[in-house]
Number of protein chains: 2
Amino acid sequence: MRILILGGDGFCGWPTALYLSHKGHEVAILDNLSRRAWDEELRISSLTPIAPIQQRIEAWRRVSGKTIPLYLGDLTEYATVEGAFTQFAPDAIVHYGEQRSAPYSMIDRQHAIFTQVNNVVGTLNVLYAMRAHVPQAHLIKLGTMGEYGTPNIAIEEGYITIEHEGRTDTLPYPKQPGSFYHLSKSHDSHNILFACRTWGLRATDLNQGVVYNVGVEETELDPELVNRFDYDEVFGTALNRFCAEAAVGHALTVYGAGGQTRGFIDLRDTVRCIELAAQTPALAGEMRVLNQFTEQFSVLDLAERVQAVASQMGLETTIAHVANPRVEKERHFYQAKHTKLLDLGLQPHLLNDATIAGLLERAVRYRERIDLSRILPTVTWS
Amino acid sequence: MRILILGGDGFCGWPTALYLSHKGHEVAILDNLSRRAWDEELRISSLTPIAPIQQRIEAWRRVSGKTIPLYLGDLTEYATVEGAFTQFAPDAIVHYGEQRSAPYSMIDRQHAIFTQVNNVVGTLNVLYAMRAHVPQAHLIKLGTMGEYGTPNIAIEEGYITIEHEGRTDTLPYPKQPGSFYHLSKSHDSHNILFACRTWGLRATDLNQGVVYNVGVEETELDPELVNRFDYDEVFGTALNRFCAEAAVGHALTVYGAGGQTRGFIDLRDTVRCIELAAQTPALAGEMRVLNQFTEQFSVLDLAERVQAVASQMGLETTIAHVANPRVEKERHFYQAKHTKLLDLGLQPHLLNDATIAGLLERAVRYRERIDLSRILPTVTWS
């Protein structure tokens with residue numbers, strides 16, 4: 001298949017590009033390198049040193065013999081989207097090309113507006129360009145489990161059948177996103193559903209959980225292929241951030257009580273889920289929704305798991321319950337379905353001590369690169 | 001009360017401003033006059049000749065002795081919003097300040113993106129300016145019944161209690177908007193709910209049905225106070241458009257089978273609903289949702305009502321089932337609740353022949369102004 005990866009320079013996009021290329025697909029990347037620009041803006045950087053995208057692609061050619069065309073440009077500029085779609089003629093479009101940090105969206109008004117405009121307009125341009133140029137292509141869109149919030153009933157995969165006053169319908173699952181970023185993903189989902197119904201496009205909306213781990217097999221083949229590892233308060237997410245903290249003897253920063261429960265997924269499963277979605281496209285007119293995670297953990301559970309493995313490695317750490325910068329429930333019911341990707345063939349990498357140990361080792365290797373001043377939360381919701 | 005009307009130069013905003021001013025409230029208007037600019041862009045105009053906003057406000061001062069401060073500016077520019085909020089210090093903010101036409105949003109990609117960015121960014125600026133400057137003020141936001149789409153179960157007012165696998169929660173009612181405009185309103189609703197929960201703001205989201213009629217008591221007091229009357233394919237809505245068509249002997253343009261059923265409301269009830277919402281503000285942290293319509297009709301029902309009254313007035317008309325420019329169900333279940341505004345004290349003006357006759361007379365009076373070439377739909381969804 002010909003697969004275009006929007007945001008193919010990012011944390012999930014880059015390993016996805018290499019994995020699919022290795023599997024024999026024709027892969028291209030469209031990216032505006034904004035993730036690197038946000039590092040500059042916030043004075044943060046990946047724990048792992050990452051090569052420039054052109055160097056990454058050249059390294060992949062050297063290692064694998066495979067070429068990945070690169071389109072440099074912004075999804076909010078239609079000419080960029082149209083140009084890449086017509087030139088590359090993708091069968092599938094994997095859309096990671098959005099601002100993906102909840103704290104970044106909550107920095108201030110400008111960042112909230114930037115996040116919503118960037119994400120919503122980029123996706124609208126993708127939908128219009130698909131309609132005009134590749135109406136049979138399959139959009140594989142990265143959403144988030146955070147669109148659902150934490151309802152007091154089980155979370156279904158995208159749609160819920162409701163019986164009400166003697167009648168029944170299957171409707172989009174109600175959305176209660178918890179940041180302007182999560183809201184942008186919910187806006188996207190609504191726009192995509194409309195485009196599928198109205199124009200007959202085909203899309204899969206992957207509501208992904210929190211991703212942990214850093215590498216996939218392909219990113220480990222050469223130092224210039226290494227993937228980014230975010231540990232800071234804005235782009236770092238729970239498990240990875242805890243490993244970086246443990247590596248430098250920083251307390252593991254659990255926000256509030258730590259009872260916040262979410263779905264989690266190993267990066268190696270992320271790339272496999274994309275492949276599974278691509279292999280069985282949605283029908284014309286359908287927006288299929290798959291919940292893309294493999295296990296639920298509370299944040300405190302994860303901190304304790306990291307603390308235990310770190311201790312075995314001689315890294316003694318404490319757990320600090322820091323004031324929660326977010327407005328969210330710290331104890332709540334959470335039960336989210338995630339069977340559809342298993343039905344498609346996913347064999348999950350469940351979280352084990354070896355994975356945590358691998359992350360800790362990686363963090364220790366690069367611990368000189370950790371800026372301790374960028375760990376504690378400064379961006380607050382209220 | 002001090003009430004700031006965003007979009008106070010528009011079809012609903014202007015009569016609301018006069019009505020509330022007449023009732024003794026301190027009223028101000030913030031508007032960028034974009035509705036008039038869209039007339040120029042599309043080469044359309046109000047059936048009724050409308051005075052410039054400054055002249056309207058001067059006429060109102062002459063007629064009523066009351067002053068309405070005018071803030072000219074765009075909600076997508078934060079300085080405009082902040083300036084008006086700090087200077088006028090409103091107790092309530094009535095937010096009509098959005099692009100409100102579904103066909104306009106479907107003209108092309110640029111109009112879709114304009115509509116979503118304009119509406120979403122404007123509302124985000126309103127929320128941030130409230131938080132910073134008037135956190136106790138009550139946002140009264142105009143949404144649309146179109147956010148719900150046409151589900152096969154009864155439509156509740158904003159939230160629905162769902163029993164699922166032995167558990168229960170009350171969640172935002174699922175949204176299935178039918179155009180990029182309707183989607184923008186759904187995006188707004190999600191953003192506002194988040195802002196209320198996270199920042200403790202108070203908001204009422206009025207999901208309004210299709211508005212018919214032209215005047216309220218106050219707009220009839222002077223020719224320079226007259227309200228706009230849209231009959232064109234882009235901004236004209238069912239009943240009013242049918243009356244304009246009947247006045248010039250044009251067939252009544254029913255889209256498709258005409259079984260599309262929607263909630264409708266008389267403009268005189270619109271202004272009263274705003275007053276009722278303002279008198280009983282939402283609680284801090286609450287986004288209250290009220291369905292703002294009084295009766296359901298199918299489009300064909302309405303055409304037949306207009307045809308009958310027109311005939312009594314000697315205006316013989318036919319009903320033309322033109323190809324539906326929209327992608328929507330033409331026969332469907334529709335039952336939407338609308339008791340909360342009645343509970344607050346609304347005494348509806350139900351549709352009667354006198355109202356239709358009044359609209360027909362008005363249309364006949366100005367029939368020389370009707371451009372027949374702007375009636376049949378040219379903007380299509382698919």
# chains A, B, ... in the order shown; residues from 1 in each chain; ligands from 1
call {"tool": "residues_around", "arguments": {"residues": "Gly146 in chain A", "least_positions_apart": "3", "cutoff": "8 Å", "atoms": "only C-alpha atoms", "output": "list in words"}}
result
Gly149, Gln176, Pro177, Gly178, His182, Asn207 and Gly209 of chain A
call {"tool": "interface_residues", "arguments": {"of": "chain A", "to": "chain B", "cutoff": "9 Å", "atoms": "only C-alpha atoms", "output": "count of residues only"}}
result
51
call {"tool": "select_by_dssp", "arguments": {"residues": "range 348-381 of chain A", "states": "alpha helix (DSSP H)", "output": "PDB file with all heavy atoms, in the first residue's frame"}}
result
ATOM      1  N   ASP A 353       8.001  -5.675  33.562  1.00  0.00           N
ATOM      2  CA  ASP A 353       9.157  -5.034  34.196  1.00  0.00           C
ATOM      3  C   ASP A 353      10.297  -4.829  33.203  1.00  0.00           C
ATOM      4  O   ASP A 353      11.058  -3.866  33.315  1.00  0.00           O
ATOM      5  CB  ASP A 353       9.647  -5.880  35.383  1.00  0.00           C
ATOM      6  CG  ASP A 353       8.675  -5.815  36.556  1.00  0.00           C
ATOM      7  OD1 ASP A 353       7.686  -5.048  36.467  1.00  0.00           O
ATOM      8  OD2 ASP A 353       8.894  -6.537  37.549  1.00  0.00           O
ATOM      9  N   ALA A 354      10.414  -5.726  32.226  1.00  0.00           N
ATOM     10  CA  ALA A 354      11.495  -5.582  31.244  1.00  0.00           C
ATOM     11  C   ALA A 354      11.331  -4.284  30.446  1.00  0.00           C
ATOM     12  O   ALA A 354      12.311  -3.586  30.162  1.00  0.00           O
ATOM     13  CB  ALA A 354      11.510  -6.788  30.300  1.00  0.00           C
ATOM     14  N   THR A 355      10.107  -3.971  30.094  1.00  0.00           N
ATOM     15  CA  THR A 355       9.875  -2.723  29.354  1.00  0.00           C
ATOM     16  C   THR A 355      10.228  -1.515  30.207  1.00  0.00           C
ATOM     17  O   THR A 355      10.892  -0.577  29.742  1.00  0.00           O
ATOM     18  CB  THR A 355       8.403  -2.652  28.896  1.00  0.00           C
ATOM     19  OG1 THR A 355       8.152  -3.744  28.010  1.00  0.00           O
ATOM     20  CG2 THR A 355       8.109  -1.333  28.184  1.00  0.00           C
ATOM     21  N   ILE A 356       9.787  -1.572  31.456  1.00  0.00           N
ATOM     22  CA  ILE A 356      10.115  -0.452  32.363  1.00  0.00           C
ATOM     23  C   ILE A 356      11.630  -0.358  32.544  1.00  0.00           C
ATOM     24  O   ILE A 356      12.210   0.738  32.488  1.00  0.00           O
ATOM     25  CB  ILE A 356       9.403  -0.631  33.718  1.00  0.00           C
ATOM     26  CG1 ILE A 356       7.886  -0.551  33.527  1.00  0.00           C
ATOM     27  CG2 ILE A 356       9.877   0.425  34.724  1.00  0.00           C
ATOM     28  CD1 ILE A 356       7.076  -0.870  34.773  1.00  0.00           C
ATOM     29  N   ALA A 357      12.275  -1.509  32.709  1.00  0.00           N
ATOM     30  CA  ALA A 357      13.734  -1.507  32.890  1.00  0.00           C
ATOM     31  C   ALA A 357      14.423  -0.935  31.655  1.00  0.00           C
ATOM     32  O   ALA A 357      15.387  -0.166  31.761  1.00  0.00           O
ATOM     33  CB  ALA A 357      14.228  -2.926  33.176  1.00  0.00           C
ATOM     34  N   GLY A 358      13.925  -1.278  30.488  1.00  0.00           N
ATOM     35  CA  GLY A 358      14.505  -0.737  29.259  1.00  0.00           C
ATOM     36  C   GLY A 358      14.390   0.776  29.198  1.00  0.00           C
ATOM     37  O   GLY A 358      15.331   1.480  28.797  1.00  0.00           O
ATOM     38  N   LEU A 359      13.245   1.281  29.608  1.00  0.00           N
ATOM     39  CA  LEU A 359      13.052   2.734  29.621  1.00  0.00           C
ATOM     40  C   LEU A 359      13.963   3.391  30.645  1.00  0.00           C
ATOM     41  O   LEU A 359      14.545   4.450  30.391  1.00  0.00           O
ATOM     42  CB  LEU A 359      11.586   3.066  29.930  1.00  0.00           C
ATOM     43  CG  LEU A 359      10.628   2.896  28.762  1.00  0.00           C
ATOM     44  CD1 LEU A 359       9.182   2.896  29.244  1.00  0.00           C
ATOM     45  CD2 LEU A 359      10.840   4.018  27.744  1.00  0.00           C
ATOM     46  N   LEU A 360      14.079   2.752  31.799  1.00  0.00           N
ATOM     47  CA  LEU A 360      14.954   3.308  32.841  1.00  0.00           C
ATOM     48  C   LEU A 360      16.408   3.331  32.362  1.00  0.00           C
ATOM     49  O   LEU A 360      17.129   4.311  32.566  1.00  0.00           O
ATOM     50  CB  LEU A 360      14.823   2.490  34.124  1.00  0.00           C
ATOM     51  CG  LEU A 360      13.532   2.732  34.923  1.00  0.00           C
ATOM     52  CD1 LEU A 360      13.313   1.619  35.949  1.00  0.00           C
ATOM     53  CD2 LEU A 360      13.570   4.089  35.618  1.00  0.00           C
ATOM     54  N   GLU A 361      16.826   2.238  31.726  1.00  0.00           N
ATOM     55  CA  GLU A 361      18.209   2.191  31.214  1.00  0.00           C
ATOM     56  C   GLU A 361      18.445   3.312  30.204  1.00  0.00           C
ATOM     57  O   GLU A 361      19.481   3.973  30.206  1.00  0.00           O
ATOM     58  CB  GLU A 361      18.481   0.834  30.551  1.00  0.00           C
ATOM     59  CG  GLU A 361      18.763  -0.270  31.563  1.00  0.00           C
ATOM     60  CD  GLU A 361      18.573  -1.663  30.963  1.00  0.00           C
ATOM     61  OE1 GLU A 361      18.570  -1.792  29.710  1.00  0.00           O
ATOM     62  OE2 GLU A 361      18.399  -2.606  31.755  1.00  0.00           O
ATOM     63  N   ARG A 362      17.478   3.494  29.324  1.00  0.00           N
ATOM     64  CA  ARG A 362      17.612   4.550  28.324  1.00  0.00           C
ATOM     65  C   ARG A 362      17.684   5.913  29.003  1.00  0.00           C
ATOM     66  O   ARG A 362      18.496   6.756  28.623  1.00  0.00           O
ATOM     67  CB  ARG A 362      16.414   4.499  27.371  1.00  0.00           C
ATOM     68  CG  ARG A 362      16.358   5.584  26.340  1.00  0.00           C
ATOM     69  CD  ARG A 362      16.748   5.138  24.956  1.00  0.00           C
ATOM     70  NE  ARG A 362      16.003   3.957  24.536  1.00  0.00           N
ATOM     71  CZ  ARG A 362      15.872   3.575  23.269  1.00  0.00           C
ATOM     72  NH1 ARG A 362      16.418   4.287  22.297  1.00  0.00           N
ATOM     73  NH2 ARG A 362      15.219   2.481  22.972  1.00  0.00           N
ATOM     74  N   ALA A 363      16.859   6.105  30.015  1.00  0.00           N
ATOM     75  CA  ALA A 363      16.860   7.395  30.716  1.00  0.00           C
ATOM     76  C   ALA A 363      18.180   7.620  31.450  1.00  0.00           C
ATOM     77  O   ALA A 363      18.721   8.731  31.462  1.00  0.00           O
ATOM     78  CB  ALA A 363      15.686   7.471  31.682  1.00  0.00           C
ATOM     79  N   VAL A 364      18.706   6.551  32.044  1.00  0.00           N
ATOM     80  CA  VAL A 364      19.989   6.679  32.748  1.00  0.00           C
ATOM     81  C   VAL A 364      21.100   7.038  31.757  1.00  0.00           C
ATOM     82  O   VAL A 364      21.952   7.888  32.013  1.00  0.00           O
ATOM     83  CB  VAL A 364      20.326   5.378  33.501  1.00  0.00           C
ATOM     84  CG1 VAL A 364      21.781   5.367  33.970  1.00  0.00           C
ATOM     85  CG2 VAL A 364      19.381   5.187  34.686  1.00  0.00           C
ATOM     86  N   ARG A 365      21.054   6.390  30.584  1.00  0.00           N
ATOM     87  CA  ARG A 365      22.087   6.635  29.581  1.00  0.00           C
ATOM     88  C   ARG A 365      22.168   8.110  29.216  1.00  0.00           C
ATOM     89  O   ARG A 365      23.218   8.657  28.959  1.00  0.00           O
ATOM     90  CB  ARG A 365      21.793   5.779  28.341  1.00  0.00           C
ATOM     91  CG  ARG A 365      22.947   5.711  27.351  1.00  0.00           C
ATOM     92  CD  ARG A 365      22.581   4.884  26.096  1.00  0.00           C
ATOM     93  NE  ARG A 365      21.684   3.758  26.384  1.00  0.00           N
ATOM     94  CZ  ARG A 365      20.859   3.220  25.487  1.00  0.00           C
ATOM     95  NH1 ARG A 365      20.798   3.697  24.247  1.00  0.00           N
ATOM     96  NH2 ARG A 365      20.074   2.206  25.819  1.00  0.00           N
TER      97      ARG A 365
END
call {"tool": "residues_around", "arguments": {"residues": "range 79-84 of chain A", "least_positions_apart": "4", "cutoff": "8 Å", "atoms": "only C-alpha atoms", "output": "VMD selection string"}}
result
chain A and resid 30 71 73 to 75 88 to 89 125 to 126 129 133
call {"tool": "residues_around", "arguments": {"residues": "Pro223 in chain B", "least_positions_apart": "4", "cutoff": "9 Å", "atoms": "only C-alpha atoms", "output": "number ranges by chain"}}
result
B: 49-51, 59, 219
call {"tool": "write_last_selection", "arguments": {"atoms": "N, CA, C and O atoms", "output": "PDB file, in the first residue's frame"}}
result
ATOM      1  N   PRO B  49     -35.792  47.078   3.565  1.00  0.00           N
ATOM      2  CA  PRO B  49     -34.618  47.958   3.567  1.00  0.00           C
ATOM      3  C   PRO B  49     -34.215  48.249   5.010  1.00  0.00           C
ATOM      4  O   PRO B  49     -35.053  48.670   5.809  1.00  0.00           O
ATOM      5  N   ILE B  50     -32.965  47.980   5.337  1.00  0.00           N
ATOM      6  CA  ILE B  50     -32.533  48.207   6.720  1.00  0.00           C
ATOM      7  C   ILE B  50     -31.540  49.360   6.774  1.00  0.00           C
ATOM      8  O   ILE B  50     -30.719  49.534   5.884  1.00  0.00           O
ATOM      9  N   ALA B  51     -31.656  50.130   7.836  1.00  0.00           N
ATOM     10  CA  ALA B  51     -30.792  51.298   8.014  1.00  0.00           C
ATOM     11  C   ALA B  51     -29.430  50.854   8.532  1.00  0.00           C
ATOM     12  O   ALA B  51     -29.310  49.795   9.151  1.00  0.00           O
ATOM     13  N   ALA B  59     -32.118  56.241  15.725  1.00  0.00           N
ATOM     14  CA  ALA B  59     -33.586  56.205  15.657  1.00  0.00           C
ATOM     15  C   ALA B  59     -34.169  55.697  16.977  1.00  0.00           C
ATOM     16  O   ALA B  59     -35.191  56.201  17.460  1.00  0.00           O
ATOM     17  N   THR B 219     -39.335  46.957  16.789  1.00  0.00           N
ATOM     18  CA  THR B 219     -38.800  47.223  15.447  1.00  0.00           C
ATOM     19  C   THR B 219     -39.844  47.886  14.545  1.00  0.00           C
ATOM     20  O   THR B 219     -39.498  48.375  13.468  1.00  0.00           O
TER      21      THR B 219
END
call {"tool": "closest_residue", "arguments": {"among": "B:Glu26, B:Glu98, B:Asp91, B:Asp31", "to": "Leu70 in chain B", "atoms": "only C-alpha atoms"}}
result
B:Asp31
call {"tool": "atom_distance", "arguments": {"atom1": "CA of Arg2 in chain A", "atom2": "CA of Pro90 in chain A"}}
result
4.9 Å
call {"tool": "select_by_dssp", "arguments": {"residues": "range 95-249 of chain B", "states": "strand (DSSP E or B)", "output": "VMD selection string"}}
result
chain B and resid 95 138 to 144 155 159 to 164 167 to 172 202 to 208 210 to 212
call {"tool": "write_last_selection", "arguments": {"atoms": "C-alpha atoms", "output": "CSV table (one decimal), in the first residue's frame"}}
result
chain,number,residue,atom,x,y,z
B,95,HIS,CA,-23.9,35.8,22.0
B,138,HIS,CA,-23.9,35.0,32.5
B,139,LEU,CA,-23.1,33.9,28.9
B,140,ILE,CA,-26.3,33.3,27.0
B,141,LYS,CA,-25.1,31.6,23.9
B,142,LEU,CA,-27.1,30.9,20.8
B,143,GLY,CA,-26.8,27.3,19.7
B,144,THR,CA,-29.0,25.4,17.3
B,155,ILE,CA,-34.1,14.7,21.9
B,159,TYR,CA,-28.2,16.1,28.5
B,160,ILE,CA,-29.5,12.6,28.5
B,161,THR,CA,-29.5,10.1,31.4
B,162,ILE,CA,-28.2,6.8,30.0
B,163,GLU,CA,-28.5,3.4,31.7
B,164,HIS,CA,-25.8,1.1,30.5
B,167,ARG,CA,-24.8,1.8,35.7
B,168,THR,CA,-26.2,5.3,35.1
B,169,ASP,CA,-24.9,8.7,34.1
B,170,THR,CA,-26.2,11.9,32.7
B,171,LEU,CA,-24.1,12.9,29.8
B,172,PRO,CA,-24.1,15.5,27.0
B,202,ARG,CA,-22.0,30.3,34.1
B,203,ALA,CA,-23.6,29.8,30.7
B,204,THR,CA,-26.9,29.0,29.0
B,205,ASP,CA,-26.7,27.3,25.7
B,206,LEU,CA,-29.9,28.0,23.8
B,207,ASN,CA,-30.5,25.4,21.1
B,208,GLN,CA,-32.7,27.4,18.9
B,210,VAL,CA,-35.7,27.8,12.9
B,211,VAL,CA,-36.8,31.4,13.5
B,212,TYR,CA,-39.7,32.9,11.5
call {"tool": "atom_distance", "arguments": {"atom1": "CA of Val322 in chain A", "atom2": "CA of Tyr334 in chain A"}}
result
22.4 Å
call {"tool": "residues_around", "arguments": {"residues": "Gly258 in chain A", "least_positions_apart": "4", "cutoff": "12 Å", "atoms": "only C-alpha atoms", "output": "VMD selection string"}}
result
chain A and resid 238 252 to 254 262 297 to 304 319 to 324 326 328 to 332
